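> Sharing a structure here in structure tokens format.
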Amino acid sequence: MENILHVYNTISKRKEIFQPLRPPFVGMYVCGPTVYGDGHLGHARPAITFDLVFRYLQHLGYKVRYVRNITDVGHLENDADDGEDKIAKKARLEQLEPMEVAQYFTDRYHLNMDQLNVKRPSIEPLASGHIIEHIEMIKKILEKEFAYVINGSVYFDVKKYNDAYAYGKLSGRILEDLLSNTRVLEGQDEKHNSYDFALWKKAQPEHIMRWPSPWSDGFPGWHAECSAMSAKYLGNHFDIHGGGMDLLFPHHESEIAQSQIANNCEPCKYWMHNNMITINGQKMGKSLGNFITLNDFFTGKHPSLEKAYSPMCIRFFILQAHYRSTLDFSNEALLAAEKGLKRLMQGIETLQKITSSATSSSDISKLSANCYEAMNDDFNSPIVIANLFEGLRIINAVNDGKESISAIDLESLKNLYTTFVFEILGLTNETENNQFEIMDGLMQMVLSFRQQAKTNKDYATSDNIRNELTKLGIVVKDGKDGSAWSLE
RNA sequence: GGUAUCGUGGCCGAGCGGCUAGGCACCGGUCUGCAAAACCGGCUACAGCGGUUCGAAUCCGCUCGAUACCUCCA
């Protein structure tokens, strides 16, 4: 079967055949985190979504350069009255260097991503390390007179751009509507029009993070960083640009405009956007009391969590939904995911033990084809998982002696699970650890004692052993061919 | 109000015009000293109202509802 990958392109609103600009190379840029707080679900979903894309493209044999930035400059506090830098504000409050704060949260972000088994990108550029590139890009836009300077700040002239190109083509917006829908704001009198956006902002006196530029001591505008850094590492026109749906407007819209003027072309061929996450049907927000960080999930410390959920449980849960669907988190849903994942992992352990026969009673190649078909259809991981569960049924049936599998099919089935579960979906078996062998040896001994008691019909002893093990979190499972054990 | 995405069984979630999604929960059964696991079977939905069609969860329109964005910050 041929692998023809289809990707949903936000800009055309349809699935398109994925054809890289310069095969076998693929350039992918994804908007990364702003490092001024702990990672939460809003970080996990895009990271895992594009990790899946990254992994699958690599699996298909593409040489992927995956760039994901760290935003560590120019953030204004939401409720700040004087527009001061988010990082600078926190830094002053805590008596830390701004870069110390950025470094601290960058490290914590990396730790969380490692826990979720999200592969590190090929390049992870810092916005603060690319001020020169920002300035050069802004210069180009000024030269072409699609921007203007006021009081040391530089703004992009959206109206002029819209006359030549179509501003709003990605998000389906029309400039006139934007005007009529914009509230009258105080302090925005610098801009010619409310929809113009900053390329460079002059720093207020209290700003700590600032850089010299031809226009003022200041910092780059938000949209500038992604355009400057993606062009630097992937070229002016690359394959995939990804991010959350919340970034569609104005961020990505403005990136298109900037790149069009600065580089004479749109930044990328395919736009991919993951959908948002809700918690119990509500959006996540600090004011709603349901703001849950990734560490909260891993430790179970948040009041609205009934228990801790492991990183793999979170990853599996996210992969059980298609990336373009909204996804609702609840204890019940996470519990279901946890059990499903456990069953999947135990099935894979069973797979290593089953023996082959002369013939197969199931069509393994069909299973494999289904998995590829699902991935090729815009990375449909839930369908892949459904097929893996179907395979589980076969594995267990063979293990029970109710079905058979040939040596060749057994090999390809093992291959299938290794490839899809571990390599592509990026799941890991968390119950595995290096003490397993010692544990298992101990357990085999205990179980043999128990078996002896059972042979003697001394069920009080055998039940007692089982109960004591249960207290330790070890589950004993009696089968036809003896007993097995697992950690609860 | 505008733009976008969506509204599926007890819960989570696939589905892209006709054919079983899948997981979890629940209820039977097989197996088992008991239990668990595993297996077999059951539960069988598509927000509402119209329309297109031989046929719609799937296409179109309207209504209701949800989430994000539409402003400063990123």
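Chain lettering (A, B, ...) mirrors the order of the structure tokens, residue numbering begins at 1 for each chain separately, and ligand numbering begins at 1 in order of display.
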Return the neighbours of chain A among the residues of chain B, cut-off 9 Å, counting only C-alpha atoms (C1' of nucleotides), as a ChimeraX atom specification.
/B:1-6,11-14,21-25,31-33,36-39,66-74
> Within 10 Å of A47 of chain B, counting only C-alpha atoms (C1' of nucleotides), which residues show up once you throw out same-chain ones fewer than 5 positions away? Write them as number ranges by chain, please.
B: 7-8, 64-65
> Considering only alpha helix (DSSP H) as DSSP defines it on the backbone, what residues of segment 333-461 of chain A qualify? List them as a PyMOL selection string.
chain A and resi 333-353+364-376+381-399+407-417+436-455+459-461
> Tell me, which residues of segment 171-338 of chain A carry DSSP strand (DSSP E or B), written as a VMD selection string?
chain A and resid 197 to 202 211 218 to 220 238 to 244 268 to 274 277 to 279 282 to 283 293 327 to 329
> Which residues, written as a list in words, have at least one atom at most 12 Å from U53 of chain B, with only C-alpha atoms (C1' of nucleotides) counted and residues fewer than 5 positions away on the same chain left out?
G17, G18, C59 and C60 of chain B
> As an exercise, work out the distance from atom CA of Ile395 of chain A to atom CA of Leu351 of chain A in Å and give it to one decimal place.
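Distance reported for this atom pair: 6.1 Å.
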> What is the distance, in Å and to one decimal place, between atom CA of Asn280 of chain A and atom CA of Asp377 of chain A?
28.9 Å
> Extract, using only C-alpha atoms (C1' of nucleotides), all DNA, RNA and protein residues at most 9 Å from segment 128-131 of chain A, discarding same-chain residues fewer than 4 positions from it, and format them as a list in words.
Ile70, Thr71, Asp72, Val73, Ile135, Glu136, Trp211, Ser213, Phe219, Pro220, Glu225, Ala228 and Met229 of chain A
> Set the distance at 6 Å and use only C-alpha atoms (C1' of nucleotides): which residues neighbour segment 258-273 of chain A once local chain neighbours fewer than 4 positions away are removed? I'd like the list as an mmCIF file with all heavy atoms, in the first residue's frame.

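Saved to out_14.cif:
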data_model
loop_
_atom_site.group_PDB
_atom_site.id
_atom_site.type_symbol
_atom_site.label_atom_id
_atom_site.label_comp_id
_atom_site.auth_asym_id
_atom_site.auth_seq_id
_atom_site.Cartn_x
_atom_site.Cartn_y
_atom_site.Cartn_z
ATOM 1 N N ASN A 9 -5.356 21.635 5.505
ATOM 2 C CA ASN A 9 -4.701 22.929 5.418
ATOM 3 C C ASN A 9 -5.702 24.019 5.808
ATOM 4 O O ASN A 9 -6.717 24.204 5.140
ATOM 5 C CB ASN A 9 -4.209 23.137 3.978
ATOM 6 C CG ASN A 9 -3.223 24.297 3.880
ATOM 7 O OD1 ASN A 9 -3.114 25.107 4.798
ATOM 8 N ND2 ASN A 9 -2.516 24.371 2.769
ATOM 9 N N THR A 10 -5.409 24.718 6.884
ATOM 10 C CA THR A 10 -6.362 25.715 7.385
ATOM 11 C C THR A 10 -6.654 26.788 6.348
ATOM 12 O O THR A 10 -7.764 27.322 6.285
ATOM 13 C CB THR A 10 -5.808 26.383 8.658
ATOM 14 O OG1 THR A 10 -5.297 25.382 9.525
ATOM 15 C CG2 THR A 10 -6.902 27.137 9.382
ATOM 16 N N LYS A 140 13.250 45.893 6.210
ATOM 17 C CA LYS A 140 12.762 45.549 4.866
ATOM 18 C C LYS A 140 11.329 46.037 4.663
ATOM 19 O O LYS A 140 10.968 46.552 3.603
ATOM 20 C CB LYS A 140 12.783 44.023 4.676
ATOM 21 C CG LYS A 140 14.129 43.455 4.269
ATOM 22 C CD LYS A 140 13.929 42.043 3.710
ATOM 23 C CE LYS A 140 14.951 41.081 4.290
ATOM 24 N NZ LYS A 140 14.651 39.684 3.994
ATOM 25 N N ILE A 141 10.516 45.842 5.693
ATOM 26 C CA ILE A 141 9.108 46.232 5.572
ATOM 27 C C ILE A 141 8.988 47.756 5.496
ATOM 28 O O ILE A 141 8.181 48.290 4.735
ATOM 29 C CB ILE A 141 8.298 45.666 6.757
ATOM 30 C CG1 ILE A 141 8.316 44.128 6.705
ATOM 31 C CG2 ILE A 141 6.857 46.167 6.716
ATOM 32 C CD1 ILE A 141 7.718 43.441 7.916
ATOM 33 N N ASN A 236 12.423 31.324 3.458
ATOM 34 C CA ASN A 236 11.269 32.224 3.355
ATOM 35 C C ASN A 236 9.969 31.467 3.119
ATOM 36 O O ASN A 236 8.898 31.949 3.466
ATOM 37 C CB ASN A 236 11.482 33.221 2.208
ATOM 38 C CG ASN A 236 12.575 34.225 2.543
ATOM 39 O OD1 ASN A 236 12.948 34.392 3.708
ATOM 40 N ND2 ASN A 236 13.104 34.874 1.520
ATOM 41 N N HIS A 237 10.083 30.324 2.485
ATOM 42 C CA HIS A 237 8.886 29.544 2.196
ATOM 43 C C HIS A 237 9.150 28.096 2.578
ATOM 44 O O HIS A 237 9.999 27.447 1.989
ATOM 45 C CB HIS A 237 8.551 29.654 0.695
ATOM 46 C CG HIS A 237 7.181 29.160 0.352
ATOM 47 N ND1 HIS A 237 6.041 29.663 0.940
ATOM 48 C CD2 HIS A 237 6.761 28.219 -0.522
ATOM 49 C CE1 HIS A 237 4.975 29.042 0.439
ATOM 50 N NE2 HIS A 237 5.388 28.157 -0.447
ATOM 51 N N PHE A 238 8.453 27.631 3.597
ATOM 52 C CA PHE A 238 8.701 26.277 4.069
ATOM 53 C C PHE A 238 7.406 25.471 4.073
ATOM 54 O O PHE A 238 6.368 25.955 3.608
ATOM 55 C CB PHE A 238 9.364 26.308 5.453
ATOM 56 C CG PHE A 238 8.626 27.122 6.479
ATOM 57 C CD1 PHE A 238 7.714 26.526 7.321
ATOM 58 C CD2 PHE A 238 8.842 28.504 6.593
ATOM 59 C CE1 PHE A 238 7.029 27.273 8.263
ATOM 60 C CE2 PHE A 238 8.154 29.261 7.537
ATOM 61 C CZ PHE A 238 7.234 28.637 8.369
ATOM 62 N N ASP A 239 7.457 24.231 4.599
ATOM 63 C CA ASP A 239 6.330 23.317 4.402
ATOM 64 C C ASP A 239 5.151 23.535 5.361
ATOM 65 O O ASP A 239 4.044 23.801 4.932
ATOM 66 C CB ASP A 239 6.809 21.864 4.504
ATOM 67 C CG ASP A 239 7.783 21.524 3.396
ATOM 68 O OD1 ASP A 239 7.357 21.524 2.229
ATOM 69 O OD2 ASP A 239 8.966 21.308 3.680
ATOM 70 N N ILE A 240 5.413 23.357 6.643
ATOM 71 C CA ILE A 240 4.306 23.341 7.607
ATOM 72 C C ILE A 240 4.503 24.403 8.675
ATOM 73 O O ILE A 240 5.583 24.513 9.259
ATOM 74 C CB ILE A 240 4.201 21.962 8.306
ATOM 75 C CG1 ILE A 240 3.938 20.858 7.282
ATOM 76 C CG2 ILE A 240 3.101 21.975 9.366
ATOM 77 C CD1 ILE A 240 4.024 19.448 7.869
ATOM 78 N N HIS A 241 3.446 25.156 8.930
ATOM 79 C CA HIS A 241 3.448 26.049 10.083
ATOM 80 C C HIS A 241 2.303 25.621 10.977
ATOM 81 O O HIS A 241 1.164 25.537 10.537
ATOM 82 C CB HIS A 241 3.262 27.500 9.649
ATOM 83 C CG HIS A 241 3.498 28.484 10.767
ATOM 84 N ND1 HIS A 241 4.316 29.561 10.650
ATOM 85 C CD2 HIS A 241 3.032 28.520 12.030
ATOM 86 C CE1 HIS A 241 4.347 30.234 11.788
ATOM 87 N NE2 HIS A 241 3.560 29.616 12.651
ATOM 88 N N GLY A 242 2.611 25.332 12.228
ATOM 89 C CA GLY A 242 1.592 24.835 13.140
ATOM 90 C C GLY A 242 1.409 25.708 14.356
ATOM 91 O O GLY A 242 2.205 26.592 14.636
ATOM 92 N N GLY A 243 0.328 25.433 15.061
ATOM 93 C CA GLY A 243 0.033 26.147 16.298
ATOM 94 C C GLY A 243 -1.396 25.884 16.726
ATOM 95 O O GLY A 243 -2.126 25.160 16.053
ATOM 96 N N GLY A 244 -1.783 26.476 17.820
ATOM 97 C CA GLY A 244 -3.154 26.329 18.296
ATOM 98 C C GLY A 244 -4.110 27.203 17.504
ATOM 99 O O GLY A 244 -3.705 28.201 16.906
ATOM 100 N N MET A 245 -5.352 26.797 17.514
ATOM 101 C CA MET A 245 -6.363 27.554 16.783
ATOM 102 C C MET A 245 -6.513 28.986 17.309
ATOM 103 O O MET A 245 -6.931 29.884 16.593
ATOM 104 C CB MET A 245 -7.698 26.849 16.926
ATOM 105 C CG MET A 245 -8.282 26.454 15.601
ATOM 106 S SD MET A 245 -9.689 25.408 15.882
ATOM 107 C CE MET A 245 -9.411 24.165 14.662
#
